[in-house]
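**Student:** After the structure tokens below, expect a handful of questions from me.
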Amino acid sequence: MVGVYGYEHFLTEEETAKAVDKGKTVKSNTNEYFLPTSTTGQIVHHNGYSLSYSEPHEQAEWVAYELKKEHLSNSNHKRPYFEIDNAVKTGAAHWRNYKKSGYDRGHLCPAGDKRYSKEAHDETFLTSNISPQEHQFNSGIWNKLEQKVRYWARKYNGVFVVTGGILKGNMATIGEEHVAIPNQFYKVLIDNNTGKTKMIAFLLPHEDANKPLYEFVVSVDQIEALTGIDFFSELDDNIENKLEASSSYKDWF
């Protein structure tokens, strides 16, 4: 048996063979098994998360990582400076694009999810992990959703998270490198630890909102249609199709 990264769930021989047939390297210490597809062809792996970088938009189309219960920590590491991600071969955006732009350097993988070590925490301050966000959105509904994800990680002993901006349509930009400002942001979660696999997806307009989180729940299929990204393709097709078509949140809330 080969373990999925961080999960208590282990792959069956059939699942492992399926992954190998698709050319995936299945290891016990990587998060590669549940990675979405990349529309850009530029996937970057860091210790705490992976991402698919979109050069035309100068940000990640998705950031993916597992958040385990034991990852949750109240440690307060000193906030580092943002740094350019040198692992992005086409060149990640410079942090100066955000200076005096009026937009926050919005984390996709939150620093608060990686407090279990200073290295993991500081890694979230790479410019490949940020997107321009309005301050009220970043500190409001987006922060509220991040806190809810931590709650679920604690409750279900881990969730796998995929998040990013919808990099489609007419978008304003900031900085000399024309970093795109998404009009919407999404999060897609899967719980594969508690015996019954479940998914939930959120699509949030890039604006301040006081609505409850469940009003932003959509189907994974809807996020796929908007982004062109295929999520959780390693699941059995029948399970994947059923879960991705559903916008039910009763198993989560």
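Residues in the structure tokens are named by chain (A, B, ... in the order shown) and by number from 1 within that chain; ligands are numbered from 1 in the order shown.
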At a cut-off of 10 Å, using only C-alpha atoms, what residues contact Asp191 of chain A? Leave out same-chain residues fewer than 2 positions from it and give the result as a PyMOL selection string.

**Tutor:** chain A and resi 7+152-153+156-161+189+193-200+252

**Student:** Could you write out that same residue set with all heavy atoms as a compact mmCIF listing (two decimals), in the first residue's frame?

**Tutor:**
```
# COMPACT_ATOMS: atom_id res chain seq x y z
N TYR A 7 -2.46 11.76 4.48
CA TYR A 7 -3.75 11.23 4.83
C TYR A 7 -3.61 9.91 5.57
O TYR A 7 -2.67 9.15 5.37
CB TYR A 7 -4.60 10.97 3.57
CG TYR A 7 -5.26 12.19 3.02
CD1 TYR A 7 -4.72 12.87 1.94
CD2 TYR A 7 -6.43 12.66 3.59
CE1 TYR A 7 -5.34 14.00 1.45
CE2 TYR A 7 -7.05 13.79 3.09
CZ TYR A 7 -6.52 14.45 2.03
OH TYR A 7 -7.12 15.57 1.53
N TRP A 152 -12.71 22.74 9.81
CA TRP A 152 -12.95 21.44 9.19
C TRP A 152 -11.71 20.56 9.25
O TRP A 152 -11.82 19.34 9.40
CB TRP A 152 -13.41 21.63 7.75
CG TRP A 152 -14.84 22.08 7.65
CD1 TRP A 152 -15.88 21.70 8.45
CD2 TRP A 152 -15.40 22.96 6.67
NE1 TRP A 152 -17.04 22.31 8.04
CE2 TRP A 152 -16.78 23.08 6.95
CE3 TRP A 152 -14.87 23.67 5.59
CZ2 TRP A 152 -17.64 23.87 6.19
CZ3 TRP A 152 -15.71 24.45 4.83
CH2 TRP A 152 -17.09 24.57 5.13
N ALA A 153 -10.53 21.13 9.10
CA ALA A 153 -9.29 20.35 9.19
C ALA A 153 -9.17 19.71 10.57
O ALA A 153 -8.73 18.57 10.70
CB ALA A 153 -8.08 21.24 8.91
N TYR A 156 -12.16 16.94 10.81
CA TYR A 156 -12.06 15.76 9.97
C TYR A 156 -10.63 15.20 9.88
O TYR A 156 -10.34 14.38 9.03
CB TYR A 156 -12.58 16.07 8.56
CG TYR A 156 -14.02 16.53 8.55
CD1 TYR A 156 -14.37 17.75 7.98
CD2 TYR A 156 -15.02 15.76 9.14
CE1 TYR A 156 -15.69 18.18 7.97
CE2 TYR A 156 -16.34 16.18 9.14
CZ TYR A 156 -16.67 17.39 8.56
OH TYR A 156 -17.97 17.82 8.57
N ASN A 157 -9.75 15.68 10.74
CA ASN A 157 -8.36 15.24 10.73
C ASN A 157 -7.71 15.46 9.37
O ASN A 157 -6.98 14.62 8.87
CB ASN A 157 -8.21 13.77 11.14
CG ASN A 157 -6.74 13.40 11.38
OD1 ASN A 157 -5.94 14.24 11.77
ND2 ASN A 157 -6.39 12.15 11.14
N GLY A 158 -8.02 16.59 8.77
CA GLY A 158 -7.35 16.95 7.53
C GLY A 158 -8.29 17.13 6.37
O GLY A 158 -9.23 16.35 6.19
N VAL A 159 -8.05 18.16 5.59
CA VAL A 159 -8.74 18.36 4.32
C VAL A 159 -7.70 18.75 3.28
O VAL A 159 -6.65 19.29 3.62
CB VAL A 159 -9.83 19.46 4.41
CG1 VAL A 159 -10.99 19.00 5.27
CG2 VAL A 159 -9.25 20.76 4.94
N PHE A 160 -8.00 18.46 2.03
CA PHE A 160 -7.14 18.88 0.94
C PHE A 160 -7.79 20.10 0.30
O PHE A 160 -8.99 20.09 0.01
CB PHE A 160 -6.95 17.76 -0.09
CG PHE A 160 -5.81 18.02 -1.03
CD1 PHE A 160 -4.52 17.64 -0.69
CD2 PHE A 160 -6.02 18.65 -2.25
CE1 PHE A 160 -3.45 17.88 -1.56
CE2 PHE A 160 -4.96 18.90 -3.12
CZ PHE A 160 -3.67 18.52 -2.77
N VAL A 161 -7.00 21.16 0.10
CA VAL A 161 -7.52 22.45 -0.31
C VAL A 161 -6.93 22.85 -1.66
O VAL A 161 -5.72 22.74 -1.87
CB VAL A 161 -7.16 23.54 0.73
CG1 VAL A 161 -7.81 24.88 0.36
CG2 VAL A 161 -7.53 23.12 2.13
N LEU A 189 -12.60 21.94 -1.56
CA LEU A 189 -12.08 21.08 -0.50
C LEU A 189 -12.53 19.65 -0.72
O LEU A 189 -13.64 19.41 -1.22
CB LEU A 189 -12.59 21.53 0.87
CG LEU A 189 -12.49 22.99 1.27
CD1 LEU A 189 -13.09 23.20 2.65
CD2 LEU A 189 -11.06 23.46 1.25
N ASN A 193 -10.76 11.36 4.55
CA ASN A 193 -10.23 10.70 5.75
C ASN A 193 -11.28 9.99 6.58
O ASN A 193 -10.94 9.11 7.37
CB ASN A 193 -9.55 11.73 6.67
CG ASN A 193 -8.32 12.35 6.03
OD1 ASN A 193 -7.64 11.70 5.27
ND2 ASN A 193 -8.06 13.60 6.37
N THR A 194 -12.54 10.40 6.47
CA THR A 194 -13.53 9.99 7.45
C THR A 194 -14.42 8.85 6.98
O THR A 194 -15.49 8.63 7.52
CB THR A 194 -14.41 11.20 7.82
OG1 THR A 194 -14.93 11.82 6.63
CG2 THR A 194 -13.61 12.24 8.59
N GLY A 195 -13.98 8.12 5.96
CA GLY A 195 -14.71 6.94 5.51
C GLY A 195 -15.66 7.19 4.37
O GLY A 195 -15.94 6.30 3.57
N LYS A 196 -16.18 8.42 4.28
CA LYS A 196 -17.07 8.78 3.19
C LYS A 196 -16.52 10.04 2.53
O LYS A 196 -16.55 11.13 3.11
CB LYS A 196 -18.48 9.04 3.71
CG LYS A 196 -19.48 9.43 2.61
CD LYS A 196 -20.84 9.72 3.20
CE LYS A 196 -21.82 10.15 2.12
NZ LYS A 196 -23.16 10.48 2.68
N THR A 197 -15.99 9.89 1.33
CA THR A 197 -15.39 11.04 0.64
C THR A 197 -16.45 12.10 0.37
O THR A 197 -17.55 11.79 -0.08
CB THR A 197 -14.76 10.60 -0.69
OG1 THR A 197 -13.78 9.60 -0.43
CG2 THR A 197 -14.10 11.78 -1.39
N LYS A 198 -16.10 13.36 0.65
CA LYS A 198 -17.02 14.45 0.37
C LYS A 198 -16.24 15.66 -0.14
O LYS A 198 -15.05 15.81 0.17
CB LYS A 198 -17.86 14.82 1.59
CG LYS A 198 -17.09 15.28 2.82
CD LYS A 198 -18.11 15.60 3.93
CE LYS A 198 -17.42 16.11 5.20
NZ LYS A 198 -16.68 15.06 5.90
N MET A 199 -16.93 16.49 -0.92
CA MET A 199 -16.34 17.71 -1.49
C MET A 199 -17.23 18.89 -1.19
O MET A 199 -18.44 18.74 -0.96
CB MET A 199 -16.21 17.60 -3.02
CG MET A 199 -15.29 16.56 -3.55
SD MET A 199 -15.34 16.60 -5.37
CE MET A 199 -14.50 15.06 -5.73
N ILE A 200 -16.63 20.05 -1.23
CA ILE A 200 -17.40 21.29 -1.18
C ILE A 200 -16.62 22.37 -1.91
O ILE A 200 -15.38 22.36 -1.89
CB ILE A 200 -17.70 21.72 0.28
CG1 ILE A 200 -18.76 22.83 0.31
CG2 ILE A 200 -16.43 22.13 1.02
CD1 ILE A 200 -19.34 23.08 1.70
N TRP A 252 -21.18 19.17 5.55
CA TRP A 252 -20.10 20.00 6.06
C TRP A 252 -20.56 20.96 7.15
O TRP A 252 -19.87 21.17 8.13
CB TRP A 252 -19.47 20.81 4.92
CG TRP A 252 -18.72 19.97 3.93
CD1 TRP A 252 -19.27 19.24 2.91
CD2 TRP A 252 -17.31 19.74 3.86
NE1 TRP A 252 -18.27 18.60 2.19
CE2 TRP A 252 -17.07 18.90 2.75
CE3 TRP A 252 -16.23 20.21 4.62
CZ2 TRP A 252 -15.78 18.49 2.40
CZ3 TRP A 252 -14.95 19.81 4.25
CH2 TRP A 252 -14.74 18.95 3.16
```

**Student:** Write out as a list in words which residues come within 6 Å of Tyr103 of chain A when counting only C-alpha atoms, dropping same-chain ones fewer than 5 positions away.

**Tutor:**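 After dropping sequence-adjacent residues, the list is Pro132, Gln133 and Glu134 of chain A.
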
**Student:** If we count only C-alpha atoms and set the cut-off at 7 Å, which residues sit around Glu83 of chain A, ignoring sequence neighbours fewer than 3 positions away in its own chain? Please answer as a PyMOL selection string.

**Tutor:** chain A and resi 95+125-127

**Student:** When you count only C-alpha atoms, which of these residues is closest to Ala225 of chain A: A:Lys168, A:Lys99, A:Lys68, A:Lys187?

**Tutor:** A:Lys168

**Student:** What's around Glu55 of chain A at 9 Å? Count only C-alpha atoms, leave out sequence neighbours fewer than 5 positions away in its own chain, and write the answer as a list in words.

**Tutor:**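 Those residues are Thr40, Gln42, Ala60, Thr90, Gly91, Ala92 and Ala93 of chain A.
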
**Student:** Counting only C-alpha atoms, what is within 10 Å of Glu176 of chain A, bar same-chain residues fewer than 5 positions away, as number ranges by chain?

**Tutor:** A: 93-94, 96-98

**Student:** I'd like the neighbourhood of Glu224 of chain A as a ChimeraX atom specification, where a residue qualifies if any of its atoms comes within 12 Å (using only C-alpha atoms), though same-chain residues fewer than 2 positions away should be ignored.

**Tutor:** /A:36-39,61-62,162,166,186-188,201-203,218-222,226-233,241,244-245

**Student:** Enumerate, as a PyMOL selection string, the complete set of residues in segment 37-73 of chain A that a backbone-based DSSP assignment places in helix (DSSP H, G or I).

**Tutor:** chain A and resi 55-57+69-71
